[in-house]
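Just final_28.txt here, compact mmCIF, C-alpha atoms:
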```txt
# COMPACT_ATOMS: atom_id res chain seq x y z
CA MET A 1 1.37 -25.27 7.17
CA LYS A 2 4.75 -25.94 5.60
CA ALA A 3 5.60 -28.26 2.74
CA ARG A 4 8.76 -30.00 1.61
CA PHE A 5 9.49 -31.41 -1.85
CA PHE A 6 11.77 -34.26 -2.92
CA THR A 7 12.53 -34.90 -6.59
CA LEU A 8 14.25 -37.89 -8.14
CA GLY A 9 15.08 -38.52 -11.77
CA CYS A 10 14.73 -36.52 -14.95
CA LYS A 11 14.19 -32.88 -15.84
CA VAL A 12 10.51 -33.62 -16.56
CA ASN A 13 10.10 -34.66 -12.92
CA GLN A 14 11.92 -31.51 -11.81
CA TYR A 15 9.54 -29.37 -13.87
CA GLU A 16 6.51 -31.20 -12.48
CA THR A 17 7.72 -30.72 -8.91
CA GLN A 18 8.00 -26.99 -9.59
CA TYR A 19 4.44 -26.97 -10.95
CA MET A 20 3.19 -28.72 -7.78
CA ARG A 21 5.27 -26.37 -5.62
CA GLU A 22 3.59 -23.31 -7.14
CA ASP A 23 0.15 -24.91 -6.66
CA LEU A 24 0.85 -25.36 -2.95
CA LEU A 25 2.29 -21.87 -2.59
CA CYS A 26 -0.81 -20.42 -4.29
CA ALA A 27 -2.92 -22.32 -1.75
CA GLY A 28 -1.14 -20.48 1.07
CA LEU A 29 1.43 -23.03 2.15
CA GLU A 30 5.07 -22.15 2.81
CA GLU A 31 8.10 -24.19 1.85
CA ALA A 32 9.96 -25.65 4.82
CA GLY A 33 13.52 -24.44 5.26
CA PRO A 34 16.58 -26.48 6.28
CA GLY A 35 16.05 -28.19 9.63
CA GLU A 36 12.33 -27.37 9.74
CA SER A 37 9.71 -30.08 10.00
CA ALA A 38 7.01 -30.05 7.32
CA GLY A 39 3.31 -30.83 7.59
CA ILE A 40 3.18 -32.01 3.98
CA CYS A 41 5.89 -33.87 2.06
CA VAL A 42 5.63 -34.41 -1.69
CA ILE A 43 8.00 -37.06 -3.10
CA ASN A 44 8.29 -37.23 -6.90
CA THR A 45 9.82 -40.64 -7.67
CA CYS A 46 11.71 -42.28 -10.53
CA THR A 47 11.77 -45.88 -11.79
CA VAL A 48 14.15 -45.79 -14.76
CA THR A 49 16.53 -48.29 -13.11
CA ALA A 50 16.52 -50.63 -10.12
CA LYS A 51 18.85 -48.15 -8.40
CA ALA A 52 16.28 -45.38 -8.96
CA ASP A 53 13.61 -47.58 -7.32
CA SER A 54 15.81 -48.14 -4.27
CA GLU A 55 16.70 -44.46 -3.98
CA SER A 56 13.03 -43.43 -4.26
CA LEU A 57 12.03 -45.81 -1.46
CA ARG A 58 14.92 -44.59 0.69
CA VAL A 59 13.80 -40.96 0.28
CA ILE A 60 10.20 -41.88 1.15
CA ARG A 61 11.27 -43.60 4.37
CA ARG A 62 13.60 -40.73 5.28
CA ALA A 63 10.80 -38.19 4.77
CA VAL A 64 8.54 -40.17 7.11
CA VAL A 65 11.21 -40.29 9.83
CA GLU A 66 12.33 -36.65 9.54
CA ASN A 67 8.79 -35.20 9.38
CA PRO A 68 6.80 -37.01 12.10
CA GLY A 69 3.06 -36.77 11.63
CA ALA A 70 3.33 -35.20 8.17
CA PHE A 71 1.00 -35.97 5.29
CA ILE A 72 3.30 -37.94 2.95
CA LEU A 73 2.19 -37.86 -0.69
CA VAL A 74 4.16 -40.00 -3.15
CA THR A 75 3.88 -39.46 -6.90
CA GLY A 76 6.04 -39.95 -10.00
CA CYS A 77 6.97 -42.96 -12.09
CA LEU A 78 7.60 -45.47 -9.28
CA ALA A 79 4.19 -44.52 -7.85
CA GLU A 80 2.68 -45.13 -11.29
CA MET A 81 4.29 -48.56 -11.67
CA ASP A 82 4.37 -49.89 -8.11
CA GLU A 83 1.54 -48.25 -6.19
CA GLU A 84 0.90 -51.21 -3.89
CA ARG A 85 4.59 -51.45 -2.95
CA ILE A 86 4.61 -47.80 -1.91
CA LYS A 87 1.36 -48.09 0.06
CA LYS A 88 3.05 -50.74 2.20
CA VAL A 89 5.64 -48.20 3.41
CA LYS A 90 4.55 -47.17 6.89
CA GLY A 91 3.70 -43.48 7.07
CA VAL A 92 2.69 -42.93 3.41
CA SER A 93 -0.62 -41.04 3.32
CA ALA A 94 -1.45 -41.00 -0.40
CA VAL A 95 -0.13 -42.21 -3.76
CA LEU A 96 -0.75 -40.00 -6.79
CA ARG A 97 -0.54 -41.02 -10.45
CA ASN A 98 1.46 -38.93 -12.91
CA ASP A 99 -1.61 -37.63 -14.73
CA CYS A 100 -3.01 -36.27 -11.46
CA LYS A 101 -0.04 -34.07 -10.56
CA LYS A 102 -1.79 -30.95 -11.85
CA ARG A 103 -4.66 -31.71 -9.45
CA ILE A 104 -2.45 -32.29 -6.42
CA LEU A 105 -4.42 -29.96 -4.14
CA GLU A 106 -7.45 -32.25 -4.41
CA PHE A 107 -5.44 -34.99 -2.70
CA LEU A 108 -4.03 -32.89 0.16
CA PRO A 109 -5.60 -31.70 3.43
CA VAL A 110 -5.68 -28.07 2.23
CA SER A 111 -8.25 -25.77 0.67
CA SER A 112 -7.91 -25.33 -3.08
CA ALA A 113 -10.75 -22.85 -3.54
CA GLY A 114 -9.84 -20.18 -6.06
CA VAL A 115 -6.39 -21.61 -6.77
CA LYS A 116 -5.57 -21.73 -10.48
CA CYS A 117 -2.04 -22.45 -11.67
CA GLU A 118 -1.50 -22.36 -15.45
CA GLY A 119 2.24 -22.98 -15.53
CA ILE A 120 5.37 -22.11 -13.62
CA SER A 121 6.73 -18.63 -12.95
CA PHE A 122 10.10 -19.42 -11.31
CA PHE A 123 12.36 -22.42 -10.74
CA GLN A 124 13.37 -23.12 -7.18
CA GLY A 125 17.13 -23.21 -6.58
CA ARG A 126 18.14 -22.80 -10.24
CA SER A 127 19.40 -19.97 -12.41
CA ARG A 128 17.98 -21.60 -15.54
CA ALA A 129 14.43 -22.86 -15.87
CA PHE A 130 13.19 -26.15 -17.29
CA ILE A 131 10.02 -26.12 -19.38
CA LYS A 132 8.19 -29.36 -20.13
CA VAL A 133 6.84 -29.21 -23.66
CA GLN A 134 5.88 -32.86 -24.15
CA ASP A 135 5.10 -36.01 -22.15
CA GLY A 136 4.96 -39.72 -22.96
CA CYS A 137 6.75 -41.89 -25.51
CA ASP A 138 5.70 -44.05 -28.47
CA ASN A 139 9.08 -45.74 -29.05
CA ARG A 140 8.82 -48.82 -26.80
CA CYS A 141 12.54 -49.55 -26.51
CA SER A 142 12.91 -53.08 -25.19
CA TYR A 143 14.79 -52.12 -22.00
CA CYS A 144 12.73 -49.09 -20.96
CA LYS A 145 9.76 -48.73 -18.59
CA VAL A 146 9.11 -45.09 -19.47
CA ALA A 147 6.40 -45.80 -22.06
CA LEU A 148 4.66 -48.00 -19.48
CA VAL A 149 4.53 -45.27 -16.83
CA ARG A 150 4.21 -42.17 -19.01
CA GLY A 151 1.87 -43.37 -21.76
CA LYS A 152 1.65 -42.16 -25.36
CA SER A 153 3.32 -38.97 -26.59
CA ARG A 154 1.34 -35.81 -25.81
CA SER A 155 2.37 -32.23 -26.62
CA ARG A 156 1.51 -29.03 -24.81
CA ASP A 157 -0.01 -26.16 -26.77
CA GLU A 158 2.57 -23.87 -28.29
CA LYS A 159 0.94 -20.71 -26.90
CA GLU A 160 0.94 -22.16 -23.38
CA ILE A 161 4.68 -22.90 -23.66
CA VAL A 162 5.53 -19.48 -25.10
CA ASP A 163 3.48 -17.74 -22.39
CA GLU A 164 5.29 -19.73 -19.71
CA ALA A 165 8.70 -18.89 -21.18
CA SER A 166 7.73 -15.20 -21.38
CA ARG A 167 6.63 -15.23 -17.74
CA LEU A 168 9.94 -16.80 -16.69
CA SER A 169 11.88 -14.22 -18.71
CA VAL A 170 10.03 -11.37 -16.98
CA ASN A 171 11.08 -12.93 -13.67
CA GLY A 172 14.74 -12.78 -14.65
CA TYR A 173 15.45 -16.16 -16.24
CA ARG A 174 17.74 -15.79 -19.23
CA GLU A 175 18.20 -19.47 -20.05
CA ILE A 176 15.45 -22.01 -20.54
CA VAL A 177 15.82 -25.75 -21.11
CA LEU A 178 13.13 -27.49 -23.13
CA THR A 179 12.44 -30.96 -21.84
CA GLY A 180 10.13 -33.88 -22.50
CA ILE A 181 10.02 -37.65 -22.25
CA CYS A 182 10.56 -37.83 -26.02
CA LEU A 183 11.33 -34.22 -26.89
CA GLY A 184 11.66 -34.75 -30.64
CA SER A 185 8.05 -35.99 -30.82
CA TYR A 186 6.79 -32.53 -29.95
CA GLY A 187 3.81 -31.50 -32.08
CA LYS A 188 3.42 -34.78 -33.98
CA ASP A 189 0.30 -35.80 -32.02
CA LYS A 190 -1.61 -32.61 -32.84
CA ASP A 191 -4.48 -32.38 -35.35
CA SER A 192 -2.44 -29.67 -37.04
CA PRO A 193 1.06 -31.08 -36.50
CA GLY A 194 3.72 -28.63 -35.40
CA SER A 195 7.41 -29.25 -34.92
CA LEU A 196 10.12 -28.66 -32.38
CA ALA A 197 11.86 -26.37 -34.87
CA GLY A 198 8.69 -24.29 -35.19
CA LEU A 199 8.38 -23.99 -31.41
CA LEU A 200 12.02 -22.94 -31.12
CA LYS A 201 11.51 -20.19 -33.70
CA GLU A 202 8.70 -18.74 -31.57
CA LEU A 203 10.73 -18.94 -28.37
CA THR A 204 13.75 -17.18 -29.90
CA ARG A 205 11.49 -14.16 -30.44
CA ILE A 206 11.23 -13.61 -26.67
CA GLU A 207 13.60 -10.68 -26.24
CA ARG A 208 14.75 -11.25 -22.65
CA ILE A 209 15.74 -14.88 -23.21
CA SER A 210 19.35 -15.20 -24.34
CA ARG A 211 19.78 -18.99 -24.26
CA ILE A 212 17.54 -21.88 -25.24
CA ARG A 213 18.81 -25.39 -24.63
CA LEU A 214 17.39 -28.81 -25.48
CA SER A 215 17.57 -31.54 -22.85
CA SER A 216 17.66 -34.98 -24.49
CA ILE A 217 16.60 -35.74 -28.06
CA GLU A 218 16.69 -38.88 -30.19
CA MET A 219 19.05 -38.72 -33.17
CA VAL A 220 16.25 -39.65 -35.61
CA ASP A 221 14.36 -36.54 -34.46
CA ILE A 222 17.19 -34.14 -35.30
CA SER A 223 15.87 -32.99 -38.68
CA PRO A 224 17.75 -30.99 -41.33
CA GLU A 225 15.46 -28.07 -40.42
CA LEU A 226 16.53 -28.32 -36.79
CA ILE A 227 20.24 -28.47 -37.71
CA GLU A 228 19.85 -25.43 -39.97
CA LEU A 229 18.10 -23.53 -37.19
CA PHE A 230 20.89 -24.28 -34.70
CA SER A 231 23.55 -23.30 -37.22
CA GLY A 232 22.23 -19.77 -37.59
CA ASN A 233 20.60 -18.64 -34.34
CA GLY A 234 22.82 -17.43 -31.51
CA LYS A 235 20.15 -18.02 -28.86
CA LEU A 236 20.11 -21.77 -29.46
CA CYS A 237 22.82 -23.52 -27.44
CA PRO A 238 25.14 -25.63 -29.65
CA HIS A 239 24.68 -28.77 -27.58
CA PHE A 240 22.77 -31.98 -28.30
CA HIS A 241 22.31 -34.73 -25.76
CA VAL A 242 21.66 -37.74 -27.99
CA PRO A 243 21.45 -41.25 -26.49
CA LEU A 244 23.63 -43.76 -28.39
CA GLN A 245 22.99 -46.73 -26.04
CA SER A 246 25.16 -49.06 -28.16
CA GLY A 247 27.47 -48.86 -31.16
CA ASP A 248 26.62 -52.37 -32.32
CA ASP A 249 23.82 -52.91 -34.85
CA ARG A 250 22.77 -56.30 -33.46
CA ILE A 251 22.42 -54.89 -29.96
CA LEU A 252 20.61 -51.79 -31.27
CA ALA A 253 18.10 -54.07 -33.00
CA GLY A 254 17.58 -55.98 -29.74
CA MET A 255 17.04 -52.68 -27.97
CA ARG A 256 14.45 -51.69 -30.61
CA ARG A 257 16.28 -48.47 -31.34
CA ARG A 258 15.27 -46.69 -34.54
CA TYR A 259 18.72 -46.37 -36.12
CA ASN A 260 21.89 -48.31 -36.80
CA SER A 261 25.39 -47.21 -35.86
CA SER A 262 26.31 -45.84 -39.31
CA ALA A 263 23.16 -43.67 -39.44
CA PHE A 264 23.91 -42.34 -35.95
CA LEU A 265 27.52 -41.49 -36.79
CA SER A 266 26.54 -39.93 -40.11
CA ARG A 267 24.09 -37.59 -38.35
CA VAL A 268 26.76 -36.66 -35.78
CA LYS A 269 29.10 -35.67 -38.64
CA GLU A 270 26.33 -33.58 -40.21
CA ILE A 271 25.68 -31.76 -36.94
CA LYS A 272 29.39 -31.07 -36.34
CA LYS A 273 29.82 -29.82 -39.90
CA ASN A 274 26.95 -27.33 -39.67
CA VAL A 275 26.84 -26.17 -36.03
CA PRO A 276 30.07 -24.38 -34.99
CA GLY A 277 31.55 -25.48 -31.65
CA VAL A 278 28.74 -27.98 -31.04
CA SER A 279 29.11 -30.54 -28.30
CA ILE A 280 27.53 -33.96 -28.22
CA THR A 281 26.70 -35.66 -24.94
CA THR A 282 25.30 -39.16 -24.82
CA ASP A 283 24.10 -42.21 -22.89
CA VAL A 284 25.45 -45.75 -23.24
CA ILE A 285 24.06 -48.96 -21.75
CA VAL A 286 26.72 -51.54 -20.97
CA GLY A 287 25.90 -55.22 -20.52
CA PHE A 288 22.69 -55.45 -22.55
CA PRO A 289 21.68 -59.14 -22.98
CA GLY A 290 23.80 -60.77 -25.69
CA GLU A 291 26.50 -58.07 -25.69
CA ASP A 292 29.66 -60.01 -26.58
CA GLU A 293 33.21 -58.66 -26.88
CA GLU A 294 32.69 -57.72 -30.53
CA ALA A 295 29.56 -55.72 -29.73
CA PHE A 296 31.34 -53.99 -26.85
CA SER A 297 34.30 -53.14 -29.13
CA ASN A 298 31.89 -51.63 -31.66
CA THR A 299 30.53 -49.35 -28.93
CA LEU A 300 34.05 -48.25 -28.01
CA ARG A 301 34.78 -47.45 -31.66
CA ALA A 302 31.58 -45.46 -32.03
CA LEU A 303 32.32 -43.45 -28.88
CA LYS A 304 35.80 -42.57 -30.16
CA GLU A 305 34.30 -41.31 -33.41
CA ILE A 306 31.59 -39.24 -31.70
CA GLN A 307 34.06 -37.73 -29.17
CA PRO A 308 31.32 -36.72 -26.75
CA LEU A 309 31.84 -34.01 -24.18
CA ARG A 310 30.10 -36.18 -21.61
CA THR A 311 28.94 -39.80 -21.56
CA HIS A 312 26.58 -41.29 -19.01
CA VAL A 313 27.40 -44.99 -18.71
CA PHE A 314 24.62 -47.17 -17.30
CA PRO A 315 24.87 -50.89 -16.49
CA PHE A 316 21.90 -52.74 -17.97
CA SER A 317 19.08 -52.92 -15.44
CA PRO A 318 16.34 -55.49 -16.18
CA ARG A 319 12.99 -53.79 -15.61
CA LYS A 320 9.84 -55.77 -14.93
CA GLY A 321 7.39 -55.58 -17.82
CA THR A 322 9.98 -54.88 -20.51
CA ALA A 323 10.97 -57.23 -23.34
CA ALA A 324 14.67 -57.09 -22.46
CA ALA A 325 14.03 -58.49 -18.98
CA GLN A 326 12.84 -61.72 -20.61
CA MET A 327 15.76 -62.06 -23.04
CA SER A 328 18.42 -64.73 -22.75
CA GLY A 329 22.12 -63.92 -22.59
CA HIS A 330 22.22 -61.76 -19.45
CA LEU A 331 25.84 -60.98 -18.58
CA ASP A 332 27.80 -61.77 -15.45
CA ARG A 333 27.96 -58.84 -13.06
CA GLU A 334 31.78 -58.78 -13.03
CA VAL A 335 31.88 -58.60 -16.86
CA VAL A 336 29.50 -55.64 -16.80
CA LYS A 337 31.55 -53.94 -14.09
CA ARG A 338 34.78 -54.35 -16.09
CA ARG A 339 33.22 -53.00 -19.28
CA ARG A 340 31.70 -50.08 -17.43
CA ILE A 341 35.15 -49.08 -16.13
CA ILE A 342 36.64 -49.32 -19.64
CA LEU A 343 33.81 -47.23 -21.12
CA SER A 344 34.07 -44.62 -18.38
CA ARG A 345 37.81 -44.21 -18.95
CA LEU A 346 37.30 -43.80 -22.68
CA ALA A 347 34.53 -41.27 -22.00
CA GLN A 348 36.97 -39.20 -19.94
CA GLU A 349 39.55 -39.30 -22.76
CA CYS A 350 36.95 -38.18 -25.31
CA SER A 351 35.84 -35.36 -23.05
CA ARG A 352 39.39 -34.12 -22.58
CA GLU A 353 40.08 -34.24 -26.33
CA TYR A 354 36.97 -32.20 -27.02
CA MET A 355 37.74 -29.56 -24.38
CA GLU A 356 41.36 -29.19 -25.49
CA GLY A 357 40.06 -27.52 -28.63
CA PHE A 358 38.64 -24.65 -26.54
CA ILE A 359 41.68 -23.73 -24.44
CA GLY A 360 42.30 -19.99 -24.84
CA ARG A 361 38.90 -19.25 -26.39
CA GLU A 362 36.49 -16.63 -25.10
CA THR A 363 32.93 -17.62 -24.24
CA GLU A 364 30.01 -16.75 -21.99
CA VAL A 365 29.15 -18.69 -18.86
CA MET A 366 25.90 -18.61 -16.93
CA PRO A 367 26.93 -19.02 -13.25
CA GLU A 368 24.85 -21.56 -11.33
CA GLU A 369 26.74 -22.10 -8.09
CA ILE A 370 28.99 -20.09 -5.78
CA LEU A 371 31.67 -22.17 -4.04
CA PRO A 372 33.91 -20.81 -1.23
CA ALA A 373 37.67 -20.67 -1.75
CA ARG A 374 40.17 -21.75 0.90
CA ASP A 375 41.42 -18.20 1.51
CA ASN A 376 37.90 -17.02 2.51
CA LYS A 377 38.56 -13.87 0.46
CA SER A 378 37.38 -15.13 -2.91
CA VAL A 379 34.92 -17.60 -4.37
CA PHE A 380 34.60 -19.91 -7.33
CA LEU A 381 31.71 -19.41 -9.69
CA GLU A 382 30.57 -22.58 -11.41
CA GLY A 383 28.37 -22.69 -14.50
CA TYR A 384 28.11 -23.79 -18.10
CA SER A 385 29.09 -22.44 -21.48
CA ALA A 386 26.54 -22.49 -24.29
CA ASN A 387 28.03 -25.77 -25.53
CA TYR A 388 27.70 -27.26 -22.05
CA ILE A 389 31.29 -27.22 -20.84
CA ARG A 390 31.31 -27.00 -17.06
CA VAL A 391 33.41 -23.93 -16.19
CA VAL A 392 34.90 -22.88 -12.85
CA ILE A 393 35.87 -19.20 -12.47
CA PRO A 394 37.93 -17.78 -9.56
CA PHE A 395 36.22 -14.53 -8.56
CA ARG A 396 36.78 -11.58 -6.22
CA GLY A 397 34.63 -8.55 -5.62
CA ILE A 398 30.90 -7.97 -5.92
CA LEU A 399 29.17 -11.15 -6.97
CA PRO A 400 27.33 -11.02 -10.30
CA ASP A 401 23.67 -11.87 -10.77
CA CYS A 402 23.58 -15.64 -11.30
CA LYS A 403 21.04 -15.16 -14.10
CA THR A 404 23.45 -13.01 -16.11
CA ALA A 405 26.17 -14.47 -18.34
CA LEU A 406 29.84 -13.70 -17.65
CA ARG A 407 32.42 -13.24 -20.42
CA VAL A 408 35.41 -15.49 -19.72
CA ARG A 409 38.54 -16.92 -21.31
CA LEU A 410 38.81 -20.69 -21.01
CA GLY A 411 42.06 -22.03 -19.53
CA GLY A 412 43.19 -25.44 -18.39
CA ILE A 413 41.18 -28.62 -18.10
CA ILE A 414 40.13 -29.71 -14.61
CA SER A 415 38.13 -32.68 -13.38
CA GLY A 416 34.78 -32.57 -15.14
CA GLY A 417 35.31 -29.30 -16.95
CA MET A 418 37.55 -26.28 -17.53
CA ARG A 419 38.99 -23.42 -15.53
CA ALA A 420 38.48 -19.86 -16.78
CA GLU A 421 39.23 -16.23 -15.97
CA SER A 422 36.60 -13.50 -16.16
CA LEU A 423 37.16 -10.69 -18.68
```
Structure encoded using structure tokens:
Amino acid sequence: MKARFFTLGCKVNQYETQYMREDLLCAGLEEAGPGESAGICVINTCTVTAKADSESLRVIRRAVVENPGAFILVTGCLAEMDEERIKKVKGVSAVLRNDCKKRILEFLPVSSAGVKCEGISFFQGRSRAFIKVQDGCDNRCSYCKVALVRGKSRSRDEKEIVDEASRLSVNGYREIVLTGICLGSYGKDKDSPGSLAGLLKELTRIERISRIRLSSIEMVDISPELIELFSGNGKLCPHFHVPLQSGDDRILAGMRRRYNSSAFLSRVKEIKKNVPGVSITTDVIVGFPGEDEEAFSNTLRALKEIQPLRTHVFPFSPRKGTAAAQMSGHLDREVVKRRRIILSRLAQECSREYMEGFIGRETEVMPEEILPARDNKSVFLEGYSANYIRVVIPFRGILPDCKTALRVRLGGIISGGMRAESL
């Protein structure tokens, strides 16, 4: 029997799909190729926004149509929050809660006798591997459903994580990305509390791994110890994705964020001062209830000061069950649309200003994609520098291993990144 996997949403979901994939492969199933019909479809959904809900439902319906007669199993955060809604979709065979993903074989029409998966060993379709080190969130931000669908913060055992990273390194992966629902909470729920910095120290000892990257981390969780570690260890990528959400203190309070704008900007300055070449990427929510022109202007000012390499701009999406959905002062859709355009334009300017400082510099890029050139005689390699600049490299000759870094010189700025030449 053949299986097909669909993943929506965050890196944690992508890791969990890989874990389920390896369970099914260990049970003797094969993964369906392009154009092949599958007997089992696993759809790992997302519910972070209303758009994510719609996209998840669209993928479920498409899987039913394109794989007639298949066993359709739906899991993930939308399945956790809206099980009855999913069960009403014609063709869905089973709905699986997040905490049952590691037991997926029990819910499928396959034999699981003797199958024991203790972590992932490869990462389908990627040259770098994601490792989930933590799940759940204790923050309860007023706009966010994640705590409702993922529960309290829970950390994996350090040895289990290190063993998984070692296994991936043996299989050729040179870059790993640590991910979690609230990554900075790692270790705090243990009887003998550990820390993210302590875990990173252990992972840097794995000889074959040359890059370790963090996914998203809250600014309040970037400790002086963590900054010091990143300032002096070449394996740790100088890149922090830190959600800002708003640059206005009144709005931040309404969001139940754990910082004010001055504290956020002060920590950004500290990071930039101590970590050479570091990039900051961020998230901003536009149109949160009560966001007036002054609050929006404060966000624009904060963004200019941060000068992020990349900014994800999200229109506020009221989510059922959250405090923000019940707040007064929801904005007109056209106002939100206008502000989103303004923020996106500023984000592009900030990105360009940051990248201009790297023109002519040498760096290493881990290729992730191979794109054909118009002349059919060469290709473009696309990947990322350690500080997360997207780099496109014209290339001729024998293609390099996509798990090996290339030495390049950065050139001009292009849409979404920089052009470079290999050295």
Could you please determine the separation between atom CA of Leu226 of chain A and atom CA of Phe240 of chain A in Å, to one decimal place?
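So the answer is 11.2 Å.
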Considering all atoms listed in the file, can you say which of A:Ala27, A:Ile359, A:Val220, A:Val286 comes closest to Arg333 of chain A?
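The answer is A:Val286, which sits nearest to Arg333 of chain A.
You will find atom CA of Ile206 of chain A at 17.3 Å from atom CA of Lys132 of chain A.
Relative to atom CA of Ser328 of chain A, atom CA of Pro289 of chain A is found at 6.5 Å.
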Put the listed atoms of segment 333-342 of chain A in a box along x, y and z with 3 Å added on every side and give me the centre and edge lengths in Å to one decimal, as AutoDock Vina command-line options.
```
--center_x 32.3 --center_y -54.0 --center_z -16.3 --size_x 14.7 --size_y 15.8 --size_z 12.6
```
Close residues, segment 139-156 of chain A itself excluded, 6 Å, only C-alpha atoms, min 6 positions apart in chain, as an mmCIF file with C-alpha atoms, keeping the file's coordinate frame:
```cif
data_model
loop_
_atom_site.group_PDB
_atom_site.id
_atom_site.type_symbol
_atom_site.label_atom_id
_atom_site.label_comp_id
_atom_site.auth_asym_id
_atom_site.auth_seq_id
_atom_site.Cartn_x
_atom_site.Cartn_y
_atom_site.Cartn_z
ATOM 1 C CA CYS A 77 6.970 -42.960 -12.090
ATOM 2 C CA GLU A 80 2.680 -45.130 -11.290
ATOM 3 C CA VAL A 133 6.840 -29.210 -23.660
ATOM 4 C CA TYR A 186 6.790 -32.530 -29.950
ATOM 5 C CA GLY A 187 3.810 -31.500 -32.080
ATOM 6 C CA MET A 255 17.040 -52.680 -27.970
ATOM 7 C CA ARG A 256 14.450 -51.690 -30.610
ATOM 8 C CA THR A 322 9.980 -54.880 -20.510
ATOM 9 C CA ALA A 323 10.970 -57.230 -23.340
ATOM 10 C CA ALA A 324 14.670 -57.090 -22.460
#
```
Could you give me, as a PDB file with C-alpha atoms, keeping the file's coordinate frame, the residues that have an atom at most 9 Å away from the point (21.2, -48.1, -32.5) in the coordinates of the file, using all atoms listed in the file?
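Written out: part19.pdb:
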```pdb
ATOM      1  CA  LEU A 244      23.630 -43.760 -28.390  1.00  0.00           C
ATOM      2  CA  GLN A 245      22.990 -46.730 -26.040  1.00  0.00           C
ATOM      3  CA  SER A 246      25.160 -49.060 -28.160  1.00  0.00           C
ATOM      4  CA  GLY A 247      27.470 -48.860 -31.160  1.00  0.00           C
ATOM      5  CA  ASP A 248      26.620 -52.370 -32.320  1.00  0.00           C
ATOM      6  CA  ASP A 249      23.820 -52.910 -34.850  1.00  0.00           C
ATOM      7  CA  ARG A 250      22.770 -56.300 -33.460  1.00  0.00           C
ATOM      8  CA  ILE A 251      22.420 -54.890 -29.960  1.00  0.00           C
ATOM      9  CA  LEU A 252      20.610 -51.790 -31.270  1.00  0.00           C
ATOM     10  CA  ALA A 253      18.100 -54.070 -33.000  1.00  0.00           C
ATOM     11  CA  MET A 255      17.040 -52.680 -27.970  1.00  0.00           C
ATOM     12  CA  ARG A 256      14.450 -51.690 -30.610  1.00  0.00           C
ATOM     13  CA  ARG A 257      16.280 -48.470 -31.340  1.00  0.00           C
ATOM     14  CA  ARG A 258      15.270 -46.690 -34.540  1.00  0.00           C
ATOM     15  CA  TYR A 259      18.720 -46.370 -36.120  1.00  0.00           C
ATOM     16  CA  ASN A 260      21.890 -48.310 -36.800  1.00  0.00           C
ATOM     17  CA  SER A 261      25.390 -47.210 -35.860  1.00  0.00           C
ATOM     18  CA  SER A 262      26.310 -45.840 -39.310  1.00  0.00           C
ATOM     19  CA  ALA A 263      23.160 -43.670 -39.440  1.00  0.00           C
ATOM     20  CA  PHE A 264      23.910 -42.340 -35.950  1.00  0.00           C
TER      21      PHE A 264
END
```
Expected residue set, 12 Å radius at (13.2, -41.9, 7.7), all atoms listed in the file, as a ChimeraX atom specification
/A:57-68,70,72,89-92
Next, write the just-selected residues to a file, as a PDB file, in the frame of the given file, keeping C-alpha atoms as the atom set.
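Result went into again_8.pdb, see below:
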```
ATOM      1  CA  LEU A  57      12.030 -45.810  -1.460  1.00  0.00           C
ATOM      2  CA  ARG A  58      14.920 -44.590   0.690  1.00  0.00           C
ATOM      3  CA  VAL A  59      13.800 -40.960   0.280  1.00  0.00           C
ATOM      4  CA  ILE A  60      10.200 -41.880   1.150  1.00  0.00           C
ATOM      5  CA  ARG A  61      11.270 -43.600   4.370  1.00  0.00           C
ATOM      6  CA  ARG A  62      13.600 -40.730   5.280  1.00  0.00           C
ATOM      7  CA  ALA A  63      10.800 -38.190   4.770  1.00  0.00           C
ATOM      8  CA  VAL A  64       8.540 -40.170   7.110  1.00  0.00           C
ATOM      9  CA  VAL A  65      11.210 -40.290   9.830  1.00  0.00           C
ATOM     10  CA  GLU A  66      12.330 -36.650   9.540  1.00  0.00           C
ATOM     11  CA  ASN A  67       8.790 -35.200   9.380  1.00  0.00           C
ATOM     12  CA  PRO A  68       6.800 -37.010  12.100  1.00  0.00           C
ATOM     13  CA  ALA A  70       3.330 -35.200   8.170  1.00  0.00           C
ATOM     14  CA  ILE A  72       3.300 -37.940   2.950  1.00  0.00           C
ATOM     15  CA  VAL A  89       5.640 -48.200   3.410  1.00  0.00           C
ATOM     16  CA  LYS A  90       4.550 -47.170   6.890  1.00  0.00           C
ATOM     17  CA  GLY A  91       3.700 -43.480   7.070  1.00  0.00           C
ATOM     18  CA  VAL A  92       2.690 -42.930   3.410  1.00  0.00           C
TER      19      VAL A  92
END
```
Of A:Ala32, A:Ala50, A:Val391, A:Ile131, the one sitting nearest Arg167 of chain A when using all atoms listed in the file is A:Ile131
Write out as an NGL selection string each polymer residue whose atoms come within 7 Å of Val177 of chain A, counting only C-alpha atoms; drop sequence neighbours fewer than 6 positions from it.
:A and (129-131 or 212-215)
Determine, counting all atoms listed in the file, which protein, DNA and RNA residues have an atom within 9 Å of an atom of Glu218 of chain A; residues of the same chain fewer than 3 positions away are not included. Present the result as an MDAnalysis selection string.
chainID A and resid 182:184 221:222 241:244
Identify which of the residues A:Ile176, A:Ile414, A:Leu168, A:Met1 lies closest to Arg352 of chain A, counting all atoms listed in the file when measuring atom-to-atom distances.
A:Ile414
From the set A:Val379, A:Ile217, A:Val42, A:Val313, which residue has the shortest atom-to-atom contact distance to Cys137 of chain A, counting only C-alpha atoms?
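Residue with the minimum atom-to-atom distance to Cys137 of chain A: A:Ile217.
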Ile181 of chain A proximity check over A:Glu160, A:Asp375, A:Asp138, A:Glu305, using all atoms listed in the file: winner is A:Asp138
From A:Asn298, A:Gln14, A:Ser279, A:Ser231, residue lying nearest Ile389 of chain A [all atoms listed in the file]
A:Ser279
